[in-house]
Each structure stands twice: as structure tokens, then as C-alpha cells.
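Participant: My structure is in final.json, and what it holds is JSON, C-alpha atoms and all ligand atoms:
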```json
[["chain", "number", "residue", "atom", "x", "y", "z"],
["A", 12, "MET", "CA", -132.08, 257.42, 197.20],
["A", 13, "ARG", "CA", -129.15, 259.73, 197.72],
["A", 14, "VAL", "CA", -126.91, 260.74, 194.83],
["A", 15, "VAL", "CA", -123.36, 261.70, 195.80],
["A", 16, "LYS", "CA", -121.06, 263.20, 193.19],
["A", 17, "THR", "CA", -117.85, 263.82, 195.14],
["A", 18, "ILE", "CA", -115.39, 261.61, 197.01],
["A", 19, "ALA", "CA", -115.55, 264.00, 199.98],
["A", 20, "GLY", "CA", -119.35, 263.71, 200.02],
["A", 21, "MET", "CA", -119.24, 259.90, 199.93],
["A", 22, "LYS", "CA", -116.68, 259.77, 202.76],
["A", 23, "GLU", "CA", -118.83, 262.10, 204.83],
["A", 24, "LEU", "CA", -121.97, 260.00, 204.24],
["A", 25, "ARG", "CA", -120.38, 256.59, 204.83],
["A", 26, "PRO", "CA", -120.37, 256.64, 208.68],
["A", 27, "GLN", "CA", -124.12, 257.35, 208.61],
["A", 28, "LEU", "CA", -124.88, 254.13, 206.66],
["A", 29, "ALA", "CA", -125.84, 251.24, 208.93],
["A", 30, "PRO", "CA", -123.87, 248.06, 208.18],
["A", 31, "PRO", "CA", -123.67, 245.76, 206.42],
["A", 32, "VAL", "CA", -123.11, 247.92, 203.35],
["A", 33, "GLY", "CA", -123.25, 246.19, 199.96],
["A", 34, "PHE", "CA", -121.50, 247.77, 197.00],
["A", 35, "VAL", "CA", -122.06, 247.36, 193.24],
["A", 36, "PRO", "CA", -119.47, 249.14, 191.07],
["A", 37, "THR", "CA", -120.65, 249.86, 187.50],
["A", 38, "MET", "CA", -119.82, 251.99, 184.49],
["A", 39, "GLY", "CA", -123.47, 252.94, 184.08],
["A", 40, "TYR", "CA", -125.79, 252.58, 181.09],
["A", 41, "LEU", "CA", -127.49, 250.00, 183.24],
["A", 42, "HIS", "CA", -129.40, 246.88, 182.24],
["A", 43, "GLU", "CA", -131.06, 243.98, 184.03],
["A", 44, "GLY", "CA", -127.65, 242.38, 184.63],
["A", 45, "HIS", "CA", -126.52, 245.33, 186.75],
["A", 46, "LEU", "CA", -129.89, 245.48, 188.50],
["A", 47, "SER", "CA", -129.64, 241.79, 189.41],
["A", 48, "LEU", "CA", -126.41, 242.59, 191.29],
["A", 49, "VAL", "CA", -128.24, 245.33, 193.18],
["A", 50, "THR", "CA", -130.98, 242.83, 194.09],
["A", 51, "TYR", "CA", -128.42, 240.33, 195.42],
["A", 52, "ALA", "CA", -126.82, 243.16, 197.41],
["A", 53, "LYS", "CA", -130.18, 244.27, 198.80],
["A", 54, "ASP", "CA", -130.95, 240.74, 200.00],
["A", 55, "GLU", "CA", -127.75, 240.59, 202.05],
["A", 56, "ASN", "CA", -127.20, 244.14, 203.32],
["A", 57, "VAL", "CA", -128.91, 246.99, 205.16],
["A", 58, "ASN", "CA", -127.61, 249.62, 202.73],
["A", 59, "VAL", "CA", -126.64, 249.31, 199.08],
["A", 60, "VAL", "CA", -124.28, 251.72, 197.33],
["A", 61, "VAL", "CA", -123.98, 251.63, 193.52],
["A", 62, "SER", "CA", -121.18, 253.52, 191.80],
["A", 63, "ILE", "CA", -121.41, 254.84, 188.26],
["A", 64, "PHE", "CA", -118.04, 255.76, 186.82],
["A", 65, "VAL", "CA", -116.74, 255.19, 183.30],
["A", 66, "ASN", "CA", -113.17, 254.50, 184.28],
["A", 67, "PRO", "CA", -110.73, 255.87, 181.69],
["A", 68, "THR", "CA", -107.75, 253.85, 182.94],
["A", 69, "GLN", "CA", -109.28, 250.50, 181.98],
["A", 70, "PHE", "CA", -109.73, 251.47, 178.33],
["A", 71, "GLY", "CA", -106.88, 251.14, 175.83],
["A", 72, "PRO", "CA", -106.03, 254.12, 173.59],
["A", 73, "LYS", "CA", -107.93, 252.61, 170.64],
["A", 74, "GLU", "CA", -110.94, 251.46, 172.69],
["A", 75, "ASP", "CA", -114.38, 252.97, 173.15],
["A", 76, "PHE", "CA", -113.93, 255.23, 176.23],
["A", 77, "ALA", "CA", -115.08, 258.39, 174.43],
["A", 78, "CYS", "CA", -118.20, 256.82, 172.93],
["A", 79, "TYR", "CA", -119.04, 254.43, 175.81],
["A", 80, "PRO", "CA", -122.81, 254.92, 176.37],
["A", 81, "ARG", "CA", -123.74, 257.24, 179.24],
["A", 82, "ASP", "CA", -127.19, 258.25, 180.56],
["A", 83, "LEU", "CA", -127.13, 259.20, 184.23],
["A", 84, "ASP", "CA", -130.80, 260.19, 184.49],
["A", 85, "ARG", "CA", -131.95, 256.86, 183.04],
["A", 86, "ASP", "CA", -129.57, 254.99, 185.34],
["A", 87, "LEU", "CA", -130.80, 256.86, 188.42],
["A", 88, "ALA", "CA", -134.45, 256.08, 187.61],
["A", 89, "MET", "CA", -133.60, 252.36, 187.23],
["A", 90, "LEU", "CA", -131.61, 252.28, 190.47],
["A", 91, "GLU", "CA", -134.37, 254.05, 192.36],
["A", 92, "ARG", "CA", -136.88, 251.41, 191.17],
["A", 93, "VAL", "CA", -134.84, 248.55, 192.66],
["A", 94, "GLY", "CA", -134.39, 250.30, 195.99],
["A", 95, "THR", "CA", -130.79, 251.50, 195.83],
["A", 96, "ASP", "CA", -129.86, 253.57, 198.89],
["A", 97, "VAL", "CA", -126.91, 255.57, 197.58],
["A", 98, "VAL", "CA", -125.53, 256.26, 194.10],
["A", 99, "PHE", "CA", -121.91, 257.40, 193.98],
["A", 100, "ALA", "CA", -121.11, 259.05, 190.64],
["A", 101, "PRO", "CA", -117.77, 260.85, 190.89],
["A", 102, "THR", "CA", -116.08, 262.88, 188.15],
["A", 103, "THR", "CA", -112.89, 261.78, 186.39],
["A", 104, "GLU", "CA", -111.07, 264.83, 187.81],
["A", 105, "ASP", "CA", -111.99, 263.83, 191.36],
["A", 106, "MET", "CA", -110.94, 260.19, 190.85],
["A", 107, "TYR", "CA", -107.77, 260.98, 188.89],
["A", 108, "PRO", "CA", -106.48, 264.44, 189.86],
["A", 109, "PRO", "CA", -103.37, 265.77, 188.11],
["A", 110, "GLY", "CA", -100.32, 263.84, 189.31],
["A", 111, "PHE", "CA", -102.22, 260.63, 190.10],
["A", 112, "ASP", "CA", -99.57, 257.91, 189.84],
["A", 113, "THR", "CA", -100.34, 254.84, 191.96],
["A", 114, "TRP", "CA", -101.43, 251.52, 190.48],
["A", 115, "VAL", "CA", -102.76, 248.27, 191.87],
["A", 116, "GLU", "CA", -101.85, 245.21, 189.82],
["A", 117, "VAL", "CA", -102.72, 241.53, 190.19],
["A", 118, "GLY", "CA", -100.02, 239.35, 188.58],
["A", 119, "GLU", "CA", -100.62, 236.12, 186.69],
["A", 120, "LEU", "CA", -104.44, 236.16, 186.69],
["A", 121, "SER", "CA", -104.40, 239.47, 184.80],
["A", 122, "LYS", "CA", -102.23, 238.19, 181.93],
["A", 123, "PRO", "CA", -104.22, 235.73, 179.77],
["A", 124, "LEU", "CA", -107.60, 236.13, 177.98],
["A", 125, "GLU", "CA", -108.79, 239.75, 178.38],
["A", 126, "GLY", "CA", -105.34, 240.73, 179.67],
["A", 127, "ALA", "CA", -103.65, 239.37, 176.54],
["A", 128, "SER", "CA", -105.99, 241.32, 174.26],
["A", 129, "ARG", "CA", -106.17, 244.47, 176.43],
["A", 130, "SER", "CA", -102.75, 244.94, 178.05],
["A", 131, "THR", "CA", -103.52, 247.72, 180.57],
["A", 132, "HIS", "CA", -107.16, 246.81, 181.19],
["A", 133, "PHE", "CA", -106.91, 244.97, 184.52],
["A", 134, "ARG", "CA", -104.44, 247.45, 185.99],
["A", 135, "GLY", "CA", -107.13, 250.07, 185.42],
["A", 136, "VAL", "CA", -109.88, 247.86, 186.86],
["A", 137, "THR", "CA", -107.97, 246.87, 190.00],
["A", 138, "THR", "CA", -106.80, 250.42, 190.62],
["A", 139, "VAL", "CA", -110.25, 251.98, 190.32],
["A", 140, "VAL", "CA", -111.94, 249.23, 192.33],
["A", 141, "ALA", "CA", -109.33, 249.54, 195.10],
["A", 142, "LYS", "CA", -109.99, 253.29, 195.17],
["A", 143, "LEU", "CA", -113.76, 252.74, 195.23],
["A", 144, "PHE", "CA", -113.40, 250.20, 198.05],
["A", 145, "ASN", "CA", -111.39, 252.74, 200.07],
["A", 146, "ILE", "CA", -113.97, 255.45, 199.47],
["A", 147, "VAL", "CA", -117.15, 253.38, 200.00],
["A", 148, "GLN", "CA", -115.74, 250.91, 202.56],
["A", 149, "PRO", "CA", -118.29, 248.17, 201.80],
["A", 150, "ASN", "CA", -118.74, 244.96, 203.76],
["A", 151, "LYS", "CA", -119.56, 243.05, 200.57],
["A", 152, "ALA", "CA", -118.95, 243.91, 196.91],
["A", 153, "TYR", "CA", -120.89, 242.33, 194.03],
["A", 154, "PHE", "CA", -119.54, 241.53, 190.57],
["A", 155, "GLY", "CA", -120.94, 239.64, 187.58],
["A", 156, "GLN", "CA", -119.82, 236.23, 186.32],
["A", 157, "LYS", "CA", -120.28, 237.80, 182.85],
["A", 158, "ASP", "CA", -116.79, 239.30, 183.40],
["A", 159, "ALA", "CA", -115.39, 236.07, 184.81],
["A", 160, "GLN", "CA", -111.71, 237.03, 184.74],
["A", 161, "GLN", "CA", -112.48, 240.40, 186.34],
["A", 162, "ALA", "CA", -114.29, 238.65, 189.19],
["A", 163, "LEU", "CA", -111.34, 236.30, 189.75],
["A", 164, "VAL", "CA", -108.80, 239.14, 189.58],
["A", 165, "LEU", "CA", -110.76, 241.28, 192.06],
["A", 166, "THR", "CA", -111.29, 238.35, 194.44],
["A", 167, "LYS", "CA", -107.53, 237.80, 194.35],
["A", 168, "MET", "CA", -106.80, 241.50, 194.91],
["A", 169, "ALA", "CA", -109.08, 241.63, 197.95],
["A", 170, "ALA", "CA", -107.48, 238.49, 199.42],
["A", 171, "ASP", "CA", -103.84, 239.40, 198.67],
["A", 172, "LEU", "CA", -104.23, 242.94, 200.04],
["A", 173, "ASN", "CA", -106.22, 241.79, 203.11],
["A", 174, "MET", "CA", -109.11, 244.02, 202.20],
["A", 175, "ASN", "CA", -111.79, 244.00, 204.83],
["A", 176, "LEU", "CA", -114.68, 242.86, 202.66],
["A", 177, "GLU", "CA", -116.17, 239.89, 200.86],
["A", 178, "VAL", "CA", -116.24, 239.74, 197.06],
["A", 179, "VAL", "CA", -119.41, 238.05, 195.75],
["A", 180, "THR", "CA", -119.76, 236.82, 192.14],
["A", 181, "CYS", "CA", -123.33, 236.71, 190.76],
["A", 182, "PRO", "CA", -124.72, 234.80, 187.74],
["A", 183, "THR", "CA", -124.85, 236.23, 184.21],
["A", 184, "LYS", "CA", -128.19, 237.72, 183.11],
["A", 185, "ARG", "CA", -129.12, 236.92, 179.51],
["A", 186, "GLU", "CA", -131.56, 238.12, 176.87],
["A", 187, "PRO", "CA", -134.31, 235.61, 176.01],
["A", 188, "ASP", "CA", -132.22, 234.32, 173.07],
["A", 189, "GLY", "CA", -129.20, 233.73, 175.32],
["A", 190, "LEU", "CA", -127.05, 236.77, 174.51],
["A", 191, "ALA", "CA", -125.40, 238.00, 177.71],
["A", 192, "MET", "CA", -126.68, 241.46, 178.65],
["A", 193, "SER", "CA", -124.04, 244.14, 178.15],
["A", 194, "SER", "CA", -123.99, 247.92, 177.87],
["A", 195, "ARG", "CA", -122.08, 247.37, 174.61],
["A", 196, "ASN", "CA", -124.95, 245.41, 172.97],
["A", 197, "ILE", "CA", -126.41, 248.79, 171.98],
["A", 198, "TYR", "CA", -123.56, 249.18, 169.46],
["A", 199, "LEU", "CA", -124.79, 246.15, 167.45],
["A", 200, "ASN", "CA", -126.84, 246.76, 164.31],
["A", 201, "GLU", "CA", -129.79, 244.48, 163.59],
["A", 202, "GLU", "CA", -127.78, 241.84, 161.69],
["A", 203, "GLU", "CA", -124.93, 241.83, 164.19],
["A", 204, "ARG", "CA", -127.41, 241.48, 167.05],
["A", 205, "LYS", "CA", -128.90, 238.39, 165.37],
["A", 206, "ALA", "CA", -125.45, 236.99, 164.63],
["A", 207, "ALA", "CA", -124.34, 237.48, 168.25],
["A", 208, "LYS", "CA", -126.67, 234.68, 169.35],
["A", 209, "VAL", "CA", -123.95, 232.31, 168.16],
["A", 210, "LEU", "CA", -121.82, 233.10, 171.24],
["A", 211, "TYR", "CA", -124.05, 231.48, 173.82],
["A", 212, "LYS", "CA", -124.88, 228.68, 171.36],
["A", 213, "ALA", "CA", -121.17, 227.89, 171.10],
["A", 214, "LEU", "CA", -120.71, 227.97, 174.89],
["A", 215, "LEU", "CA", -123.71, 225.69, 175.34],
["A", 216, "ARG", "CA", -122.41, 223.31, 172.68],
["A", 217, "ALA", "CA", -119.18, 222.93, 174.66],
["A", 218, "LYS", "CA", -121.08, 222.47, 177.92],
["A", 219, "GLN", "CA", -123.43, 219.86, 176.44],
["A", 220, "GLN", "CA", -120.58, 217.93, 174.79],
["A", 221, "TYR", "CA", -118.65, 218.02, 178.06],
["A", 222, "GLN", "CA", -121.66, 216.74, 179.99],
["A", 223, "ALA", "CA", -122.11, 214.01, 177.38],
["A", 224, "GLY", "CA", -118.59, 212.78, 178.17],
["A", 225, "GLU", "CA", -116.23, 214.73, 175.88],
["A", 226, "LYS", "CA", -113.33, 215.78, 178.13],
["A", 227, "GLY", "CA", -110.79, 216.75, 175.45],
["A", 228, "ALA", "CA", -110.24, 220.52, 175.62],
["A", 229, "ALA", "CA", -108.94, 220.80, 172.04],
["A", 230, "ARG", "CA", -112.00, 219.07, 170.56],
["A", 231, "LEU", "CA", -114.42, 221.18, 172.61],
["A", 232, "ARG", "CA", -112.57, 224.35, 171.63],
["A", 233, "GLN", "CA", -112.62, 223.37, 167.95],
["A", 234, "GLY", "CA", -116.37, 222.64, 168.11],
["A", 235, "MET", "CA", -116.97, 226.18, 169.37],
["A", 236, "ILE", "CA", -114.65, 227.75, 166.80],
["A", 237, "ASP", "CA", -116.39, 225.88, 163.94],
["A", 238, "LEU", "CA", -119.82, 227.03, 165.08],
["A", 239, "ILE", "CA", -118.75, 230.66, 165.53],
["A", 240, "LYS", "CA", -117.00, 230.67, 162.14],
["A", 241, "SER", "CA", -120.22, 229.49, 160.50],
["A", 242, "GLU", "CA", -121.53, 232.97, 161.33],
["A", 243, "PRO", "CA", -119.96, 235.31, 158.71],
["A", 244, "LEU", "CA", -120.26, 238.48, 160.84],
["A", 245, "ALA", "CA", -118.33, 236.96, 163.76],
["A", 246, "ASN", "CA", -114.61, 237.64, 164.12],
["A", 247, "ILE", "CA", -112.94, 235.55, 166.85],
["A", 248, "ASP", "CA", -110.49, 237.22, 169.24],
["A", 249, "TYR", "CA", -110.11, 234.16, 171.47],
["A", 250, "VAL", "CA", -111.91, 230.95, 172.42],
["A", 251, "SER", "CA", -110.51, 229.48, 175.61],
["A", 252, "ILE", "CA", -110.91, 226.58, 177.96],
["A", 253, "ALA", "CA", -108.86, 227.28, 181.08],
["A", 254, "SER", "CA", -108.67, 226.40, 184.74],
["A", 255, "ASN", "CA", -111.30, 228.44, 186.56],
["A", 256, "GLU", "CA", -108.76, 228.95, 189.36],
["A", 257, "THR", "CA", -105.48, 229.80, 187.61],
["A", 258, "LEU", "CA", -106.82, 230.72, 184.15],
["A", 259, "LYS", "CA", -104.05, 228.57, 182.65],
["A", 260, "GLU", "CA", -105.18, 227.17, 179.29],
["A", 261, "ILE", "CA", -106.09, 223.46, 179.39],
["A", 262, "GLU", "CA", -104.37, 221.62, 176.56],
["A", 263, "ALA", "CA", -105.36, 217.99, 177.25],
["A", 264, "MET", "CA", -108.16, 216.57, 179.38],
["A", 265, "ILE", "CA", -110.39, 218.90, 181.36],
["A", 266, "THR", "CA", -110.30, 218.78, 185.13],
["A", 267, "PRO", "CA", -113.13, 220.88, 186.55],
["A", 268, "PRO", "CA", -113.79, 223.63, 187.35],
["A", 269, "ALA", "CA", -112.95, 224.94, 183.89],
["A", 270, "LEU", "CA", -113.82, 228.34, 182.46],
["A", 271, "VAL", "CA", -114.99, 228.25, 178.85],
["A", 272, "SER", "CA", -114.74, 231.82, 177.63],
["A", 273, "LEU", "CA", -114.65, 233.77, 174.41],
["A", 274, "ALA", "CA", -114.22, 237.22, 172.96],
["A", 275, "VAL", "CA", -115.66, 237.81, 169.51],
["A", 276, "LYS", "CA", -116.04, 240.96, 167.43],
["A", 277, "PHE", "CA", -119.12, 241.83, 165.42],
["A", 278, "GLY", "CA", -118.16, 244.85, 163.34],
["A", 279, "ASN", "CA", -116.41, 247.14, 165.83],
["A", 280, "THR", "CA", -118.19, 245.67, 168.83],
["A", 281, "ARG", "CA", -116.23, 243.22, 170.95],
["A", 282, "LEU", "CA", -118.37, 240.94, 173.10],
["A", 283, "ILE", "CA", -117.29, 238.49, 175.82],
["A", 284, "ASP", "CA", -119.12, 235.62, 177.48],
["A", 285, "ASN", "CA", -118.40, 232.42, 179.37],
["A", 286, "VAL", "CA", -119.76, 229.32, 181.08],
["A", 287, "VAL", "CA", -118.14, 227.23, 183.81],
["A", 288, "LEU", "CA", -117.75, 223.43, 183.54],
["A", 289, "GLU", "CA", -118.17, 222.06, 187.05],
["B", 301, "LIG", "P1", -119.92, 247.27, 183.80],
["B", 301, "LIG", "O1", -120.86, 248.42, 183.98],
["B", 301, "LIG", "O2", -119.99, 246.65, 182.43],
["B", 301, "LIG", "O3", -118.53, 247.58, 184.25],
["B", 301, "LIG", "O4", -120.45, 246.14, 184.76],
["B", 301, "LIG", "C1", -120.63, 246.37, 186.14],
["B", 301, "LIG", "C2", -120.86, 245.05, 186.83],
["B", 301, "LIG", "O5", -122.02, 244.41, 186.28],
["B", 301, "LIG", "C3", -119.70, 244.08, 186.65],
["B", 301, "LIG", "O6", -119.47, 243.37, 187.86],
["B", 301, "LIG", "C4", -120.19, 243.16, 185.56],
["B", 301, "LIG", "O7", -119.61, 241.88, 185.59],
["B", 301, "LIG", "C5", -121.67, 243.09, 185.91],
["B", 301, "LIG", "N1", -122.46, 242.68, 184.75],
["B", 301, "LIG", "C6", -122.38, 243.17, 183.49],
["B", 301, "LIG", "N2", -123.20, 242.50, 182.66],
["B", 301, "LIG", "C7", -123.80, 241.56, 183.42],
["B", 301, "LIG", "C8", -124.76, 240.52, 183.15],
["B", 301, "LIG", "N3", -125.26, 240.34, 181.93],
["B", 301, "LIG", "N4", -125.16, 239.73, 184.18],
["B", 301, "LIG", "C9", -124.65, 239.91, 185.43],
["B", 301, "LIG", "N5", -123.74, 240.85, 185.75],
["B", 301, "LIG", "C10", -123.32, 241.66, 184.76]]
```
Can the structure from this file be put into C-alpha cells for me?
Ligand code: AMP
Facilitator:
Amino acid sequence: MRVVKTIAGMKELRPQLAPPVGFVPTMGYLHEGHLSLVTYAKDENVNVVVSIFVNPTQFGPKEDFACYPRDLDRDLAMLERVGTDVVFAPTTEDMYPPGFDTWVEVGELSKPLEGASRSTHFRGVTTVVAKLFNIVQPNKAYFGQKDAQQALVLTKMAADLNMNLEVVTCPTKREPDGLAMSSRNIYLNEEERKAAKVLYKALLRAKQQYQAGEKGAARLRQGMIDLIKSEPLANIDYVSIASNETLKEIEAMITPPALVSLAVKFGNTRLIDNVVLE
């Protein structure tokens, strides 16, 4: 496994990598969810590049950029175990030199849900991923359904800008009790960790009620809100049922595919999760 820490080094190495090249962008502090993306990429490509970069431009001023968990050595050992070919771990100074002033923005899809709560988040995500795509030049790039809106926004960016690659969205990996794996789960104390189980329970309640014939979005949404509110440590940011294509909120009857998604705080830790109604 090669570890490349500069943009120049990655650009020099790229022509030596036999295609197809699969790419998994991450912010590090890896877990089984990230590794599952690497495994999908390995199945479909000759070479797999994983980037590790905690991207400052996707964090708001009051968010957790400074304390976001980082452990490069641990990440490298995990990536080596799953057969990663190249790890690209650039510095902030290399990615954003003084005077950097170009932004990539996807319009409507970036506005609701995470975009409404975190106004500059997707501009940061699309800009850094566009830069990473230009540096790594992958044939396929792999993202998690866990960040459903991010996957839709990046798919749209690649299509609208005629990027020469395929964006692949992979299923969410969960803990045995259903909690979606996330680097931020480490912030939860014991009680919050127990309480956080309510998220997937609420999503499953909506899915089961939908499958049992309940098509009214408002009633499904309320069922989830009631369940989450029964957990005293949970603080709802949003609970949404939206079109899984436009992300427009569904007010009346659900026409699939619909994205059921939520963002809930436990103490200072904000968690997101979702399921799709097909
Ligand atoms: P992050 O390091 O949080 O920016 O995540 C890097 C990539 O891993 C993104 O495409 C995420 O959607 C994906 N990812 C994060 N958590 C999970 C999970 N539990 N299951 C599958 N993919 C995930």
C-alpha cells in the first residue's frame, strides 16, 4: 500500500495505476462503513485509492472541525488489511493554499435537510470532492447511503459537470443494534449511545407502517417524531420524508422512491440517518 501525502505526488503516481481506478473519499477515523466502500471498490476496480482529508470548508464555524477525531496510523493499518492500493492524505495547506477562491456548488439539491441546517456544508463537500476527482482521476467513486443527500448532490455534480466517472452509492453499515456507523459515534457517552438506538427504530417504524399500507407522509413523520421524543436525551433537528430524486418534502401521499431522513442531537453530537421507501 502506498501512502501519498502531496497533490504533486498523487498526480505523478496516477498514470502508473492500471485502470479502472476506484476512489473512496473519507475524512478518516475509519470504521466498517468506510471499509465496506473500499470492498465494493476493490470488487469493481484494478486499483483502489482512498483519500483521508478532514475538509475544513465543509464545517461551519461552530462545528467540530478542530476536535473531529483523527488517527492516521490506525486508519492506515485498517486500509492495509482490506487491500487498499493507495492512500492519499494531503495537508490542508496543499489543498487550500493562500488565495484559494473557487467554489463548486450544486443548486436546489443542496438547500433542504443538511443544507438548511448547515448552510455552507455542501459547497465545501462539492468543492473538495471536485478537487479530489481532478487529482485522483478515478473511473468510479464510492459514497455511502448513510449520507444520502451528499450522495445525491455528488451524483448531480458529476452529471452536470460532465465528469468522466461513475458515482456509486453503497448501503449503510450499522452496529448490531441498528445505529448507523459514524466517526462521530465516538463522541457519545454511554447513555447517549444507548439513546441513539431510537434513530433506526424510528426509521424502521416509518418503513414498516409504509409497507403495511400507510401512505400519508404527515402521519408517518409524526409517528417517528413521537418515538424519538419518547427518548429524553434526543433533540430533533429535522425529521423528513422527501422525494428521493428532488429532495422536496412530501406533504400528502407518498409516491416512491421517498427518502425518510433525520438529524437528531444527543448532547453536542449531531447524528444523521435515513432509509428509502421504494
Ligand atoms: P466521512 O469520513 O464521514 O466523510 O465518510 C466517508 C464516506 O463513507 C462517505 O461516502 C460516507 O457516506 C461513507 N460512510 C460513512 N458512514 C457510513 C456507513 N455507516 N455505512 C456506509 N458508508 C458510510
Participant: I need every residue sitting at most 7 Å from the point (-119.4, 236.2, 180.1) (coordinates as in the file, only C-alpha atoms considered), written as a list of chain:residue names.
Facilitator: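 With a cut-off of 7 Å, the residues come to A:Gln156, A:Lys157, A:Asp158, A:Ala159, A:Thr183, A:Ala191, A:Ser272, A:Ile283, A:Asp284, A:Asn285, A:Val286.
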Participant: Output as CSV one row per residue of chain A within 10 Å of ligand LIG 301 (chain B): the closest atom pair and its distance in Å to one decimal place, counting all atoms listed in the file, sorted by chain and residue number ascending.
Facilitator:
```
residue,atom,partner,partner_atom,distance
A:Val35,CA,B:LIG301,C2,6.9
A:Pro36,CA,B:LIG301,C1,5.8
A:Thr37,CA,B:LIG301,C1,3.7
A:Met38,CA,B:LIG301,O1,3.8
A:Gly39,CA,B:LIG301,O1,5.2
A:Tyr40,CA,B:LIG301,O1,7.1
A:Leu41,CA,B:LIG301,O1,6.9
A:His42,CA,B:LIG301,N2,7.6
A:Glu43,CA,B:LIG301,N3,7.2
A:Gly44,CA,B:LIG301,N4,3.7
A:His45,CA,B:LIG301,O5,4.6
A:Leu46,CA,B:LIG301,N5,8.2
A:Ser47,CA,B:LIG301,C9,6.7
A:Leu48,CA,B:LIG301,N5,6.4
A:Val49,CA,B:LIG301,O5,9.3
A:Val61,CA,B:LIG301,C1,9.7
A:Ser62,CA,B:LIG301,C1,9.1
A:Ile63,CA,B:LIG301,O1,7.7
A:Phe64,CA,B:LIG301,O1,8.4
A:Val65,CA,B:LIG301,O3,7.9
A:Asn66,CA,B:LIG301,O3,8.8
A:Gln69,CA,B:LIG301,O3,10.0
A:Val136,CA,B:LIG301,O3,9.0
A:Ala152,CA,B:LIG301,O6,9.1
A:Tyr153,CA,B:LIG301,O6,6.4
A:Phe154,CA,B:LIG301,O6,3.3
A:Gly155,CA,B:LIG301,O7,3.3
A:Gln156,CA,B:LIG301,O7,5.7
A:Lys157,CA,B:LIG301,O7,5.0
A:Asp158,CA,B:LIG301,O7,4.4
A:Ala159,CA,B:LIG301,O7,7.2
A:Gln160,CA,B:LIG301,O7,9.3
A:Gln161,CA,B:LIG301,O7,7.3
A:Ala162,CA,B:LIG301,O6,7.1
A:Leu165,CA,B:LIG301,O6,9.9
A:Val179,CA,B:LIG301,O6,9.5
A:Thr180,CA,B:LIG301,O6,7.8
A:Cys181,CA,B:LIG301,C9,6.4
A:Pro182,CA,B:LIG301,C9,5.6
A:Thr183,CA,B:LIG301,N4,3.5
A:Lys184,CA,B:LIG301,N4,3.8
A:Arg185,CA,B:LIG301,N3,5.7
A:Glu186,CA,B:LIG301,N3,8.4
A:Leu190,CA,B:LIG301,N3,8.4
A:Ala191,CA,B:LIG301,N3,4.8
A:Met192,CA,B:LIG301,N3,3.7
A:Ser193,CA,B:LIG301,N2,4.9
A:Ser194,CA,B:LIG301,O2,6.2
A:Arg195,CA,B:LIG301,O2,8.1
A:Ile283,CA,B:LIG301,N2,9.9
A:Asp284,CA,B:LIG301,N3,8.9
```
Participant: Hey, can you check how far atom CA of A:Pro187 sits from atom CA of A:Leu215?
Facilitator: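 Computing it gives 14.5 Å between the two atoms.
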Participant: Write out as JSON lines a residue-level contact list of stretch 155-215 of chain A versus stretch 230-246 of chain A with cut-off 12 Å: for each qualifying residue the closest pair of atoms and the distance in Å to one decimal, counting only C-alpha atoms, rows sorted by chain and residue number upward.
Facilitator:
```
{"residue": "A:Leu199", "atom": "CA", "partner": "A:Leu244", "partner_atom": "CA", "distance": 11.1}
{"residue": "A:Asn200", "atom": "CA", "partner": "A:Leu244", "partner_atom": "CA", "distance": 11.1}
{"residue": "A:Glu201", "atom": "CA", "partner": "A:Leu244", "partner_atom": "CA", "distance": 11.6}
{"residue": "A:Glu202", "atom": "CA", "partner": "A:Leu244", "partner_atom": "CA", "distance": 8.3}
{"residue": "A:Glu203", "atom": "CA", "partner": "A:Leu244", "partner_atom": "CA", "distance": 6.7}
{"residue": "A:Arg204", "atom": "CA", "partner": "A:Leu244", "partner_atom": "CA", "distance": 9.9}
{"residue": "A:Lys205", "atom": "CA", "partner": "A:Leu244", "partner_atom": "CA", "distance": 9.8}
{"residue": "A:Ala206", "atom": "CA", "partner": "A:Glu242", "partner_atom": "CA", "distance": 6.5}
{"residue": "A:Ala207", "atom": "CA", "partner": "A:Ala245", "partner_atom": "CA", "distance": 7.5}
{"residue": "A:Lys208", "atom": "CA", "partner": "A:Ile239", "partner_atom": "CA", "distance": 9.7}
{"residue": "A:Val209", "atom": "CA", "partner": "A:Ile239", "partner_atom": "CA", "distance": 6.1}
{"residue": "A:Leu210", "atom": "CA", "partner": "A:Ile239", "partner_atom": "CA", "distance": 6.9}
{"residue": "A:Tyr211", "atom": "CA", "partner": "A:Ile239", "partner_atom": "CA", "distance": 9.9}
{"residue": "A:Lys212", "atom": "CA", "partner": "A:Leu238", "partner_atom": "CA", "distance": 8.2}
{"residue": "A:Ala213", "atom": "CA", "partner": "A:Met235", "partner_atom": "CA", "distance": 4.9}
{"residue": "A:Leu214", "atom": "CA", "partner": "A:Met235", "partner_atom": "CA", "distance": 6.9}
{"residue": "A:Leu215", "atom": "CA", "partner": "A:Met235", "partner_atom": "CA", "distance": 9.0}
```
Participant: Which of these residues is nearest to A:Phe99, using only C-alpha atoms: A:Ala229, A:Val59, A:Leu258, A:Leu176?
Facilitator: A:Val59
Participant: With 12 Å as the cut-off and all atoms listed in the file counted, what is the closest atom pair between each nearby residue of stretch 148-264 of chain A and stretch 123-129 of chain A? Distances in Å to one decimal, ordered by chain and number, as a tab-separated table.
Facilitator:
```
residue	atom	partner	partner_atom	distance
A:Asp158	CA	A:Glu125	CA	9.5
A:Ala159	CA	A:Glu125	CA	9.9
A:Gln160	CA	A:Glu125	CA	7.5
A:Gln161	CA	A:Glu125	CA	8.8
A:Val164	CA	A:Gly126	CA	10.6
A:Ile247	CA	A:Ser128	CA	11.7
A:Asp248	CA	A:Ser128	CA	7.9
A:Tyr249	CA	A:Leu124	CA	7.2
A:Val250	CA	A:Leu124	CA	8.7
A:Ser251	CA	A:Leu124	CA	7.6
A:Ile252	CA	A:Leu124	CA	10.1
A:Ala253	CA	A:Leu124	CA	9.5
A:Ser254	CA	A:Pro123	CA	11.5
A:Thr257	CA	A:Pro123	CA	9.9
A:Leu258	CA	A:Pro123	CA	7.1
A:Lys259	CA	A:Pro123	CA	7.7
A:Glu260	CA	A:Pro123	CA	8.6
```
